[in-house]
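**Student:** A single structure is presented below for examination.
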Amino acid sequence: MTDAPGVSEPSARPVLDRPAFEHLTMVHRRELKLHCYRMMGSLHEADDLVQETFLNAWRGRAQFDGRGSPRGWLYTIATNACLNSIKTRVTRHRILEQPDRPPTEGRAAAGPAAELSWLEPYPDVELPDLVDGEPGPEARYETSEAIRLAFVAAIQLLPPRQRASLLLCDVLGWSAAETAQLLGGSTASINSALQRARATLARHYPAGRPLQRSQPNPEEGLLLERYISAWRAANLDSFIALLREDATYHMPPWLDWYHGRPAIRGFFDTVWGNFAGYLPVATRANGQPAVVIYARRHQEPEWRAQSLHIIEPADGGIASLTVYVGPLGPDLFAAFGLPPVWPGSNA
């Protein structure tokens with residue numbers, strides 16, 4: 001690896017001026033944002049931490065002598081910024097579901113839990129166009145696997161240092177020695193942290209690995225078209241038919257979640273008629289097909305932001321559906337470049 005920290009003692013080289021600094025660093029902005037997102041589970045925190053990373057890099061640019069990797073130098077700053085930020089949190093990880101909570105049957109009863117820290121989705125338009133950022137040969141996960149919503153949710157369960165070790169080694173492909181240089185401690189301590197992190201991950205993925213997935217294919221595109229058609233027609237039967245029998249349904253920030261097609265049908269039977277109609281718009285999030293839903297209430301002309309749906313396809317159906325609703329859904333629309341009210345909805 002040549003992209004790990006690689007920061008040596010300051011030399012007599014001139015300190016970077018602003019144009020040179022921006023030329024050296026800005027090309028890495030998107031991949032640093034993705035790294036911060038994986039660490040934090042929050043799109044908004046990732047934005048703030050990238051800004052903090054570049055500010056700290058600018059202030060400490062005299063420490064970078066140009067002989068090491070600017071990418072590794074920036075990852076060092078970004079990772080430490082994330083770890084410091086996690087220390088100030090009330091809770092140290094974000095959740096996609098409340099641990100050990102059984103699935104709900106029928107009407108949602110638990111209600112929203114705004115006080116909890118919920119995992120946020122990541123717009124595909126923000127994903128980096130990796131050039132020199134492809135994972136190293138020691139990586140255990142492909143880039144497309146390591147952005148998926150379920151993967152990010154699983155690594156949030158790791159303690160911060162284990163999380164950082166796993167991301168640097170198993171996602172970016174750094175060696176344990178390079179990671180020890182960044183995080184501090186010995187190579188043996190990093191290997192120990194990796195062993196514990198992989199064991200925890202194994203309880204959330206088969207054999208500790210995310211499900212292998214191919215790139216989007218025509219079958220997946222057809223599934224998305226059918227999903228959009230079902231919502232546009234407000235056809236509950238068509239929507240439920242797209243789910244696998246063992247599908248799961250989560251709806252942050254509600255604590256309730258559902259397992260199995262009959263249970264999901266039972267929930268939607270209680271809420272489907274709350275709106276006069278639905279306007280679905282295709283997008284992508286976390287490397288997965290996604291749909292944003294605008295809804296029109298009875299006796300109202302406007303189509304307002306209602307929810308963001310992230311779909312996990314498998315074997316021609318939907319294996320998992322995560323729908324961000326309430327304050328989380330519409331608040332995320334801006335991050336996907338979408339307005340709170342669909343243009344022309346008053347016409």
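Naming works like this for the structure tokens: A, B, ... for the chains as they're shown, residue 1 at the start of each chain, ligands 1 onward in shown order.
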DSSP says helix (DSSP H, G or I) for which residues of stretch 79-257 of chain A? Put them as a PDB file with N, CA and C atoms, in the first residue's frame?
**Tutor:**
ATOM      1  N   THR A  79     -10.280  10.387  10.051  1.00  0.00           N
ATOM      2  CA  THR A  79     -10.602   9.320  10.996  1.00  0.00           C
ATOM      3  C   THR A  79     -10.500   9.809  12.427  1.00  0.00           C
ATOM      4  N   ASN A  80      -9.462  10.561  12.723  1.00  0.00           N
ATOM      5  CA  ASN A  80      -9.326  11.098  14.076  1.00  0.00           C
ATOM      6  C   ASN A  80     -10.430  12.098  14.399  1.00  0.00           C
ATOM      7  N   ALA A  81     -10.849  12.886  13.407  1.00  0.00           N
ATOM      8  CA  ALA A  81     -11.965  13.812  13.625  1.00  0.00           C
ATOM      9  C   ALA A  81     -13.241  13.036  13.962  1.00  0.00           C
ATOM     10  N   CYS A  82     -13.470  11.929  13.257  1.00  0.00           N
ATOM     11  CA  CYS A  82     -14.652  11.094  13.536  1.00  0.00           C
ATOM     12  C   CYS A  82     -14.584  10.504  14.940  1.00  0.00           C
ATOM     13  N   LEU A  83     -13.429   9.955  15.308  1.00  0.00           N
ATOM     14  CA  LEU A  83     -13.296   9.348  16.630  1.00  0.00           C
ATOM     15  C   LEU A  83     -13.504  10.378  17.736  1.00  0.00           C
ATOM     16  N   ASN A  84     -12.979  11.567  17.537  1.00  0.00           N
ATOM     17  CA  ASN A  84     -13.176  12.623  18.532  1.00  0.00           C
ATOM     18  C   ASN A  84     -14.642  13.035  18.617  1.00  0.00           C
ATOM     19  N   SER A  85     -15.317  13.086  17.462  1.00  0.00           N
ATOM     20  CA  SER A  85     -16.729  13.453  17.453  1.00  0.00           C
ATOM     21  C   SER A  85     -17.584  12.398  18.142  1.00  0.00           C
ATOM     22  N   ILE A  86     -17.262  11.123  17.932  1.00  0.00           N
ATOM     23  CA  ILE A  86     -18.021  10.046  18.568  1.00  0.00           C
ATOM     24  C   ILE A  86     -17.907  10.133  20.084  1.00  0.00           C
ATOM     25  N   LYS A  87     -16.752  10.550  20.587  1.00  0.00           N
ATOM     26  CA  LYS A  87     -16.557  10.653  22.037  1.00  0.00           C
ATOM     27  C   LYS A  87     -17.525  11.643  22.670  1.00  0.00           C
ATOM     28  N   ASP A 124     -26.712   8.258  -3.821  1.00  0.00           N
ATOM     29  CA  ASP A 124     -25.720   7.748  -4.770  1.00  0.00           C
ATOM     30  C   ASP A 124     -25.016   8.871  -5.531  1.00  0.00           C
ATOM     31  N   VAL A 125     -25.686  10.015  -5.713  1.00  0.00           N
ATOM     32  CA  VAL A 125     -25.055  11.120  -6.434  1.00  0.00           C
ATOM     33  C   VAL A 125     -23.852  11.655  -5.677  1.00  0.00           C
ATOM     34  N   GLU A 126     -23.727  11.319  -4.389  1.00  0.00           N
ATOM     35  CA  GLU A 126     -22.596  11.760  -3.582  1.00  0.00           C
ATOM     36  C   GLU A 126     -21.473  10.737  -3.543  1.00  0.00           C
ATOM     37  N   GLU A 145     -20.270  -3.048  -1.964  1.00  0.00           N
ATOM     38  CA  GLU A 145     -20.824  -3.767  -0.825  1.00  0.00           C
ATOM     39  C   GLU A 145     -20.788  -2.914   0.440  1.00  0.00           C
ATOM     40  N   ALA A 146     -19.702  -2.163   0.593  1.00  0.00           N
ATOM     41  CA  ALA A 146     -19.454  -1.476   1.854  1.00  0.00           C
ATOM     42  C   ALA A 146     -20.227  -0.174   1.999  1.00  0.00           C
ATOM     43  N   ILE A 147     -21.095   0.142   1.052  1.00  0.00           N
ATOM     44  CA  ILE A 147     -21.946   1.331   1.179  1.00  0.00           C
ATOM     45  C   ILE A 147     -23.393   0.938   1.461  1.00  0.00           C
ATOM     46  N   LEU A 149     -26.919  -0.151   2.932  1.00  0.00           N
ATOM     47  CA  LEU A 149     -27.523   0.298   4.179  1.00  0.00           C
ATOM     48  C   LEU A 149     -27.336  -0.732   5.290  1.00  0.00           C
ATOM     49  N   ALA A 150     -27.550  -2.009   4.988  1.00  0.00           N
ATOM     50  CA  ALA A 150     -27.433  -3.040   6.020  1.00  0.00           C
ATOM     51  C   ALA A 150     -26.000  -3.178   6.511  1.00  0.00           C
ATOM     52  N   PHE A 151     -25.023  -2.986   5.626  1.00  0.00           N
ATOM     53  CA  PHE A 151     -23.626  -3.065   6.033  1.00  0.00           C
ATOM     54  C   PHE A 151     -23.273  -1.916   6.967  1.00  0.00           C
ATOM     55  N   VAL A 152     -23.672  -0.699   6.595  1.00  0.00           N
ATOM     56  CA  VAL A 152     -23.373   0.465   7.435  1.00  0.00           C
ATOM     57  C   VAL A 152     -24.074   0.315   8.792  1.00  0.00           C
ATOM     58  N   ALA A 153     -25.285  -0.238   8.788  1.00  0.00           N
ATOM     59  CA  ALA A 153     -25.995  -0.463  10.054  1.00  0.00           C
ATOM     60  C   ALA A 153     -25.242  -1.464  10.921  1.00  0.00           C
ATOM     61  N   ALA A 154     -24.686  -2.500  10.308  1.00  0.00           N
ATOM     62  CA  ALA A 154     -23.977  -3.535  11.071  1.00  0.00           C
ATOM     63  C   ALA A 154     -22.700  -2.991  11.697  1.00  0.00           C
ATOM     64  N   ILE A 155     -21.937  -2.193  10.951  1.00  0.00           N
ATOM     65  CA  ILE A 155     -20.679  -1.719  11.522  1.00  0.00           C
ATOM     66  C   ILE A 155     -20.907  -0.649  12.581  1.00  0.00           C
ATOM     67  N   PRO A 160     -15.986   2.300  18.477  1.00  0.00           N
ATOM     68  CA  PRO A 160     -15.374   3.205  17.493  1.00  0.00           C
ATOM     69  C   PRO A 160     -14.020   2.748  16.959  1.00  0.00           C
ATOM     70  N   ARG A 161     -13.119   2.298  17.816  1.00  0.00           N
ATOM     71  CA  ARG A 161     -11.796   1.905  17.342  1.00  0.00           C
ATOM     72  C   ARG A 161     -11.874   0.654  16.458  1.00  0.00           C
ATOM     73  N   GLN A 162     -12.744  -0.302  16.838  1.00  0.00           N
ATOM     74  CA  GLN A 162     -12.935  -1.483  15.994  1.00  0.00           C
ATOM     75  C   GLN A 162     -13.546  -1.088  14.650  1.00  0.00           C
ATOM     76  N   ARG A 163     -14.487  -0.157  14.694  1.00  0.00           N
ATOM     77  CA  ARG A 163     -15.126   0.320  13.466  1.00  0.00           C
ATOM     78  C   ARG A 163     -14.091   0.938  12.527  1.00  0.00           C
ATOM     79  N   ALA A 164     -13.236   1.792  13.082  1.00  0.00           N
ATOM     80  CA  ALA A 164     -12.202   2.431  12.268  1.00  0.00           C
ATOM     81  C   ALA A 164     -11.225   1.397  11.721  1.00  0.00           C
ATOM     82  N   SER A 165     -10.840   0.438  12.542  1.00  0.00           N
ATOM     83  CA  SER A 165      -9.891  -0.590  12.097  1.00  0.00           C
ATOM     84  C   SER A 165     -10.480  -1.402  10.951  1.00  0.00           C
ATOM     85  N   LEU A 166     -11.755  -1.788  11.084  1.00  0.00           N
ATOM     86  CA  LEU A 166     -12.381  -2.592  10.045  1.00  0.00           C
ATOM     87  C   LEU A 166     -12.520  -1.811   8.745  1.00  0.00           C
ATOM     88  N   LEU A 167     -12.901  -0.533   8.843  1.00  0.00           N
ATOM     89  CA  LEU A 167     -13.055   0.277   7.629  1.00  0.00           C
ATOM     90  C   LEU A 167     -11.711   0.482   6.934  1.00  0.00           C
ATOM     91  N   LEU A 168     -10.676   0.777   7.706  1.00  0.00           N
ATOM     92  CA  LEU A 168      -9.374   1.036   7.107  1.00  0.00           C
ATOM     93  C   LEU A 168      -8.772  -0.225   6.502  1.00  0.00           C
ATOM     94  N   CYS A 169      -8.907  -1.347   7.188  1.00  0.00           N
ATOM     95  CA  CYS A 169      -8.289  -2.587   6.707  1.00  0.00           C
ATOM     96  C   CYS A 169      -9.171  -3.346   5.727  1.00  0.00           C
ATOM     97  N   ASP A 170     -10.413  -3.618   6.121  1.00  0.00           N
ATOM     98  CA  ASP A 170     -11.262  -4.512   5.332  1.00  0.00           C
ATOM     99  C   ASP A 170     -12.006  -3.801   4.209  1.00  0.00           C
ATOM    100  N   VAL A 171     -12.177  -2.488   4.305  1.00  0.00           N
ATOM    101  CA  VAL A 171     -12.863  -1.745   3.250  1.00  0.00           C
ATOM    102  C   VAL A 171     -11.868  -1.009   2.358  1.00  0.00           C
ATOM    103  N   ALA A 176      -2.503  -3.853   8.619  1.00  0.00           N
ATOM    104  CA  ALA A 176      -2.621  -3.615  10.053  1.00  0.00           C
ATOM    105  C   ALA A 176      -1.537  -2.665  10.535  1.00  0.00           C
ATOM    106  N   ALA A 177      -0.348  -2.757   9.960  1.00  0.00           N
ATOM    107  CA  ALA A 177       0.747  -1.869  10.362  1.00  0.00           C
ATOM    108  C   ALA A 177       0.430  -0.423   9.990  1.00  0.00           C
ATOM    109  N   GLU A 178      -0.111  -0.203   8.809  1.00  0.00           N
ATOM    110  CA  GLU A 178      -0.474   1.151   8.384  1.00  0.00           C
ATOM    111  C   GLU A 178      -1.592   1.708   9.256  1.00  0.00           C
ATOM    112  N   THR A 179      -2.562   0.848   9.590  1.00  0.00           N
ATOM    113  CA  THR A 179      -3.667   1.280  10.430  1.00  0.00           C
ATOM    114  C   THR A 179      -3.193   1.617  11.836  1.00  0.00           C
ATOM    115  N   ALA A 180      -2.239   0.837  12.352  1.00  0.00           N
ATOM    116  CA  ALA A 180      -1.670   1.130  13.669  1.00  0.00           C
ATOM    117  C   ALA A 180      -0.974   2.484  13.667  1.00  0.00           C
ATOM    118  N   GLN A 181      -0.334   2.834  12.557  1.00  0.00           N
ATOM    119  CA  GLN A 181       0.321   4.135  12.463  1.00  0.00           C
ATOM    120  C   GLN A 181      -0.694   5.267  12.570  1.00  0.00           C
ATOM    121  N   LEU A 182      -1.872   5.048  11.994  1.00  0.00           N
ATOM    122  CA  LEU A 182      -2.907   6.076  12.040  1.00  0.00           C
ATOM    123  C   LEU A 182      -3.567   6.144  13.409  1.00  0.00           C
ATOM    124  N   LEU A 183      -4.002   4.987  13.929  1.00  0.00           N
ATOM    125  CA  LEU A 183      -4.810   4.958  15.144  1.00  0.00           C
ATOM    126  C   LEU A 183      -3.968   4.959  16.410  1.00  0.00           C
ATOM    127  N   THR A 187       0.698  -3.151  15.907  1.00  0.00           N
ATOM    128  CA  THR A 187       0.055  -3.954  14.867  1.00  0.00           C
ATOM    129  C   THR A 187      -0.768  -5.067  15.488  1.00  0.00           C
ATOM    130  N   ALA A 188      -0.249  -5.650  16.569  1.00  0.00           N
ATOM    131  CA  ALA A 188      -0.977  -6.727  17.254  1.00  0.00           C
ATOM    132  C   ALA A 188      -2.312  -6.226  17.796  1.00  0.00           C
ATOM    133  N   SER A 189      -2.345  -4.990  18.299  1.00  0.00           N
ATOM    134  CA  SER A 189      -3.594  -4.451  18.845  1.00  0.00           C
ATOM    135  C   SER A 189      -4.618  -4.235  17.730  1.00  0.00           C
ATOM    136  N   ILE A 190      -4.152  -3.833  16.549  1.00  0.00           N
ATOM    137  CA  ILE A 190      -5.068  -3.664  15.418  1.00  0.00           C
ATOM    138  C   ILE A 190      -5.605  -5.018  14.972  1.00  0.00           C
ATOM    139  N   ASN A 191      -4.733  -6.017  14.895  1.00  0.00           N
ATOM    140  CA  ASN A 191      -5.194  -7.360  14.512  1.00  0.00           C
ATOM    141  C   ASN A 191      -6.212  -7.899  15.514  1.00  0.00           C
ATOM    142  N   SER A 192      -6.002  -7.596  16.794  1.00  0.00           N
ATOM    143  CA  SER A 192      -6.952  -8.023  17.823  1.00  0.00           C
ATOM    144  C   SER A 192      -8.288  -7.310  17.645  1.00  0.00           C
ATOM    145  N   ALA A 193      -8.225  -5.990  17.383  1.00  0.00           N
ATOM    146  CA  ALA A 193      -9.460  -5.236  17.159  1.00  0.00           C
ATOM    147  C   ALA A 193     -10.198  -5.756  15.937  1.00  0.00           C
ATOM    148  N   LEU A 194      -9.471  -6.081  14.872  1.00  0.00           N
ATOM    149  CA  LEU A 194     -10.094  -6.633  13.663  1.00  0.00           C
ATOM    150  C   LEU A 194     -10.766  -7.966  13.943  1.00  0.00           C
ATOM    151  N   GLN A 195     -10.105  -8.810  14.727  1.00  0.00           N
ATOM    152  CA  GLN A 195     -10.670 -10.116  15.043  1.00  0.00           C
ATOM    153  C   GLN A 195     -11.998  -9.965  15.780  1.00  0.00           C
ATOM    154  N   ARG A 196     -12.048  -9.058  16.735  1.00  0.00           N
ATOM    155  CA  ARG A 196     -13.286  -8.841  17.488  1.00  0.00           C
ATOM    156  C   ARG A 196     -14.353  -8.209  16.591  1.00  0.00           C
ATOM    157  N   ALA A 197     -13.949  -7.264  15.738  1.00  0.00           N
ATOM    158  CA  ALA A 197     -14.909  -6.612  14.847  1.00  0.00           C
ATOM    159  C   ALA A 197     -15.513  -7.616  13.871  1.00  0.00           C
ATOM    160  N   ARG A 198     -14.690  -8.470  13.307  1.00  0.00           N
ATOM    161  CA  ARG A 198     -15.189  -9.466  12.355  1.00  0.00           C
ATOM    162  C   ARG A 198     -16.119 -10.457  13.030  1.00  0.00           C
ATOM    163  N   ALA A 199     -15.833 -10.795  14.280  1.00  0.00           N
ATOM    164  CA  ALA A 199     -16.709 -11.719  15.008  1.00  0.00           C
ATOM    165  C   ALA A 199     -18.080 -11.095  15.232  1.00  0.00           C
ATOM    166  N   THR A 200     -18.110  -9.806  15.582  1.00  0.00           N
ATOM    167  CA  THR A 200     -19.393  -9.112  15.760  1.00  0.00           C
ATOM    168  C   THR A 200     -20.144  -9.042  14.437  1.00  0.00           C
ATOM    169  N   LEU A 201     -19.432  -8.713  13.376  1.00  0.00           N
ATOM    170  CA  LEU A 201     -20.063  -8.597  12.067  1.00  0.00           C
ATOM    171  C   LEU A 201     -20.630  -9.931  11.608  1.00  0.00           C
ATOM    172  N   ALA A 202     -19.974 -11.023  11.980  1.00  0.00           N
ATOM    173  CA  ALA A 202     -20.435 -12.354  11.576  1.00  0.00           C
ATOM    174  C   ALA A 202     -21.818 -12.668  12.121  1.00  0.00           C
ATOM    175  N   PRO A 206     -23.996 -13.309   6.929  1.00  0.00           N
ATOM    176  CA  PRO A 206     -23.515 -14.684   6.801  1.00  0.00           C
ATOM    177  C   PRO A 206     -21.997 -14.708   6.688  1.00  0.00           C
ATOM    178  N   ALA A 207     -21.375 -15.473   7.570  1.00  0.00           N
ATOM    179  CA  ALA A 207     -19.919 -15.623   7.572  1.00  0.00           C
ATOM    180  C   ALA A 207     -19.196 -14.284   7.698  1.00  0.00           C
ATOM    181  N   GLY A 208     -19.885 -13.298   8.272  1.00  0.00           N
ATOM    182  CA  GLY A 208     -19.252 -12.002   8.467  1.00  0.00           C
ATOM    183  C   GLY A 208     -19.104 -11.189   7.214  1.00  0.00           C
ATOM    184  N   PRO A 218     -31.351  -5.616 -15.670  1.00  0.00           N
ATOM    185  CA  PRO A 218     -32.703  -5.366 -16.183  1.00  0.00           C
ATOM    186  C   PRO A 218     -33.805  -5.865 -15.254  1.00  0.00           C
ATOM    187  N   GLU A 219     -33.579  -7.002 -14.572  1.00  0.00           N
ATOM    188  CA  GLU A 219     -34.587  -7.532 -13.660  1.00  0.00           C
ATOM    189  C   GLU A 219     -34.818  -6.584 -12.489  1.00  0.00           C
ATOM    190  N   GLU A 220     -33.725  -6.000 -11.987  1.00  0.00           N
ATOM    191  CA  GLU A 220     -33.845  -5.042 -10.895  1.00  0.00           C
ATOM    192  C   GLU A 220     -34.570  -3.784 -11.366  1.00  0.00           C
ATOM    193  N   GLY A 221     -34.268  -3.347 -12.583  1.00  0.00           N
ATOM    194  CA  GLY A 221     -34.953  -2.186 -13.135  1.00  0.00           C
ATOM    195  C   GLY A 221     -36.440  -2.422 -13.291  1.00  0.00           C
ATOM    196  N   LEU A 222     -36.808  -3.630 -13.722  1.00  0.00           N
ATOM    197  CA  LEU A 222     -38.225  -3.967 -13.865  1.00  0.00           C
ATOM    198  C   LEU A 222     -38.919  -3.978 -12.508  1.00  0.00           C
ATOM    199  N   LEU A 223     -38.234  -4.495 -11.482  1.00  0.00           N
ATOM    200  CA  LEU A 223     -38.803  -4.498 -10.137  1.00  0.00           C
ATOM    201  C   LEU A 223     -39.068  -3.072  -9.671  1.00  0.00           C
ATOM    202  N   LEU A 224     -38.138  -2.170  -9.942  1.00  0.00           N
ATOM    203  CA  LEU A 224     -38.318  -0.771  -9.549  1.00  0.00           C
ATOM    204  C   LEU A 224     -39.500  -0.155 -10.290  1.00  0.00           C
ATOM    205  N   GLU A 225     -39.631  -0.447 -11.583  1.00  0.00           N
ATOM    206  CA  GLU A 225     -40.751   0.076 -12.361  1.00  0.00           C
ATOM    207  C   GLU A 225     -42.079  -0.408 -11.792  1.00  0.00           C
ATOM    208  N   ARG A 226     -42.145  -1.680 -11.418  1.00  0.00           N
ATOM    209  CA  ARG A 226     -43.375  -2.228 -10.850  1.00  0.00           C
ATOM    210  C   ARG A 226     -43.679  -1.601  -9.485  1.00  0.00           C
ATOM    211  N   TYR A 227     -42.634  -1.320  -8.733  1.00  0.00           N
ATOM    212  CA  TYR A 227     -42.814  -0.686  -7.428  1.00  0.00           C
ATOM    213  C   TYR A 227     -43.394   0.719  -7.600  1.00  0.00           C
ATOM    214  N   ILE A 228     -42.818   1.464  -8.521  1.00  0.00           N
ATOM    215  CA  ILE A 228     -43.303   2.818  -8.790  1.00  0.00           C
ATOM    216  C   ILE A 228     -44.741   2.785  -9.294  1.00  0.00           C
ATOM    217  N   SER A 229     -45.043   1.842 -10.172  1.00  0.00           N
ATOM    218  CA  SER A 229     -46.405   1.734 -10.713  1.00  0.00           C
ATOM    219  C   SER A 229     -47.419   1.428  -9.617  1.00  0.00           C
ATOM    220  N   ALA A 230     -47.041   0.555  -8.682  1.00  0.00           N
ATOM    221  CA  ALA A 230     -47.952   0.189  -7.603  1.00  0.00           C
ATOM    222  C   ALA A 230     -48.286   1.397  -6.732  1.00  0.00           C
ATOM    223  N   TRP A 231     -47.280   2.208  -6.431  1.00  0.00           N
ATOM    224  CA  TRP A 231     -47.532   3.387  -5.603  1.00  0.00           C
ATOM    225  C   TRP A 231     -48.276   4.462  -6.386  1.00  0.00           C
ATOM    226  N   ARG A 232     -47.935   4.636  -7.648  1.00  0.00           N
ATOM    227  CA  ARG A 232     -48.626   5.652  -8.442  1.00  0.00           C
ATOM    228  C   ARG A 232     -50.112   5.322  -8.570  1.00  0.00           C
ATOM    229  N   LEU A 236     -52.457  -1.327  -3.279  1.00  0.00           N
ATOM    230  CA  LEU A 236     -51.810  -2.031  -2.178  1.00  0.00           C
ATOM    231  C   LEU A 236     -51.503  -3.478  -2.543  1.00  0.00           C
ATOM    232  N   ASP A 237     -52.419  -4.151  -3.241  1.00  0.00           N
ATOM    233  CA  ASP A 237     -52.193  -5.545  -3.618  1.00  0.00           C
ATOM    234  C   ASP A 237     -50.943  -5.682  -4.491  1.00  0.00           C
ATOM    235  N   SER A 238     -50.776  -4.770  -5.449  1.00  0.00           N
ATOM    236  CA  SER A 238     -49.610  -4.823  -6.333  1.00  0.00           C
ATOM    237  C   SER A 238     -48.322  -4.577  -5.564  1.00  0.00           C
ATOM    238  N   PHE A 239     -48.373  -3.659  -4.602  1.00  0.00           N
ATOM    239  CA  PHE A 239     -47.200  -3.378  -3.777  1.00  0.00           C
ATOM    240  C   PHE A 239     -46.808  -4.607  -2.954  1.00  0.00           C
ATOM    241  N   ILE A 240     -47.763  -5.210  -2.268  1.00  0.00           N
ATOM    242  CA  ILE A 240     -47.474  -6.358  -1.415  1.00  0.00           C
ATOM    243  C   ILE A 240     -46.962  -7.537  -2.241  1.00  0.00           C
ATOM    244  N   ALA A 241     -47.449  -7.687  -3.454  1.00  0.00           N
ATOM    245  CA  ALA A 241     -47.036  -8.798  -4.310  1.00  0.00           C
ATOM    246  C   ALA A 241     -45.556  -8.734  -4.674  1.00  0.00           C
TER     247      ALA A 241
END
**Student:** Which residues are near A:Tyr37? Cut-off 10 Å, only C-alpha atoms, ignore same chain within fewer than 4 positions. Put them as a ChimeraX atom specification.
**Tutor:** /A:31-33,41-47,49-50,82,119-122,147,152
**Student:** Name the closest residue to A:Ala114 among the candidates A:Tyr294, A:Trp254, A:Tyr324, A:Trp303; distances are taken between atoms, counting only C-alpha atoms.
**Tutor:**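 Checking each of A:Tyr294, A:Trp254, A:Tyr324, A:Trp303 against A:Ala114, counting only C-alpha atoms, the winner is A:Trp254.
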**Student:** Report as number ranges by chain all protein, DNA and RNA residues lying within 8 Å of A:Leu16, evaluated on only C-alpha atoms, omitting residues in the same chain fewer than 3 positions from it.
**Tutor:** A: 20-21, 61-62
**Student:** Step one, run DSSP on the backbone; step two, keep only residues of stretch 61-301 of chain A assigned to strand (DSSP E or B); then write them as a PyMOL selection string.
**Tutor:** chain A and resi 95+112+118+123+243-250+254+257-259+277-285+288-296
**Student:** What does the structure give for the distance between atom CA of A:His93 and atom CA of A:Gln156, in Å to one decimal?
**Tutor:** 5.2 Å
**Student:** Which distance in Å separates atom CA of A:Arg304 and atom CA of A:Pro252, to one decimal?
**Tutor:**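 Distance reported for this atom pair: 18.6 Å.
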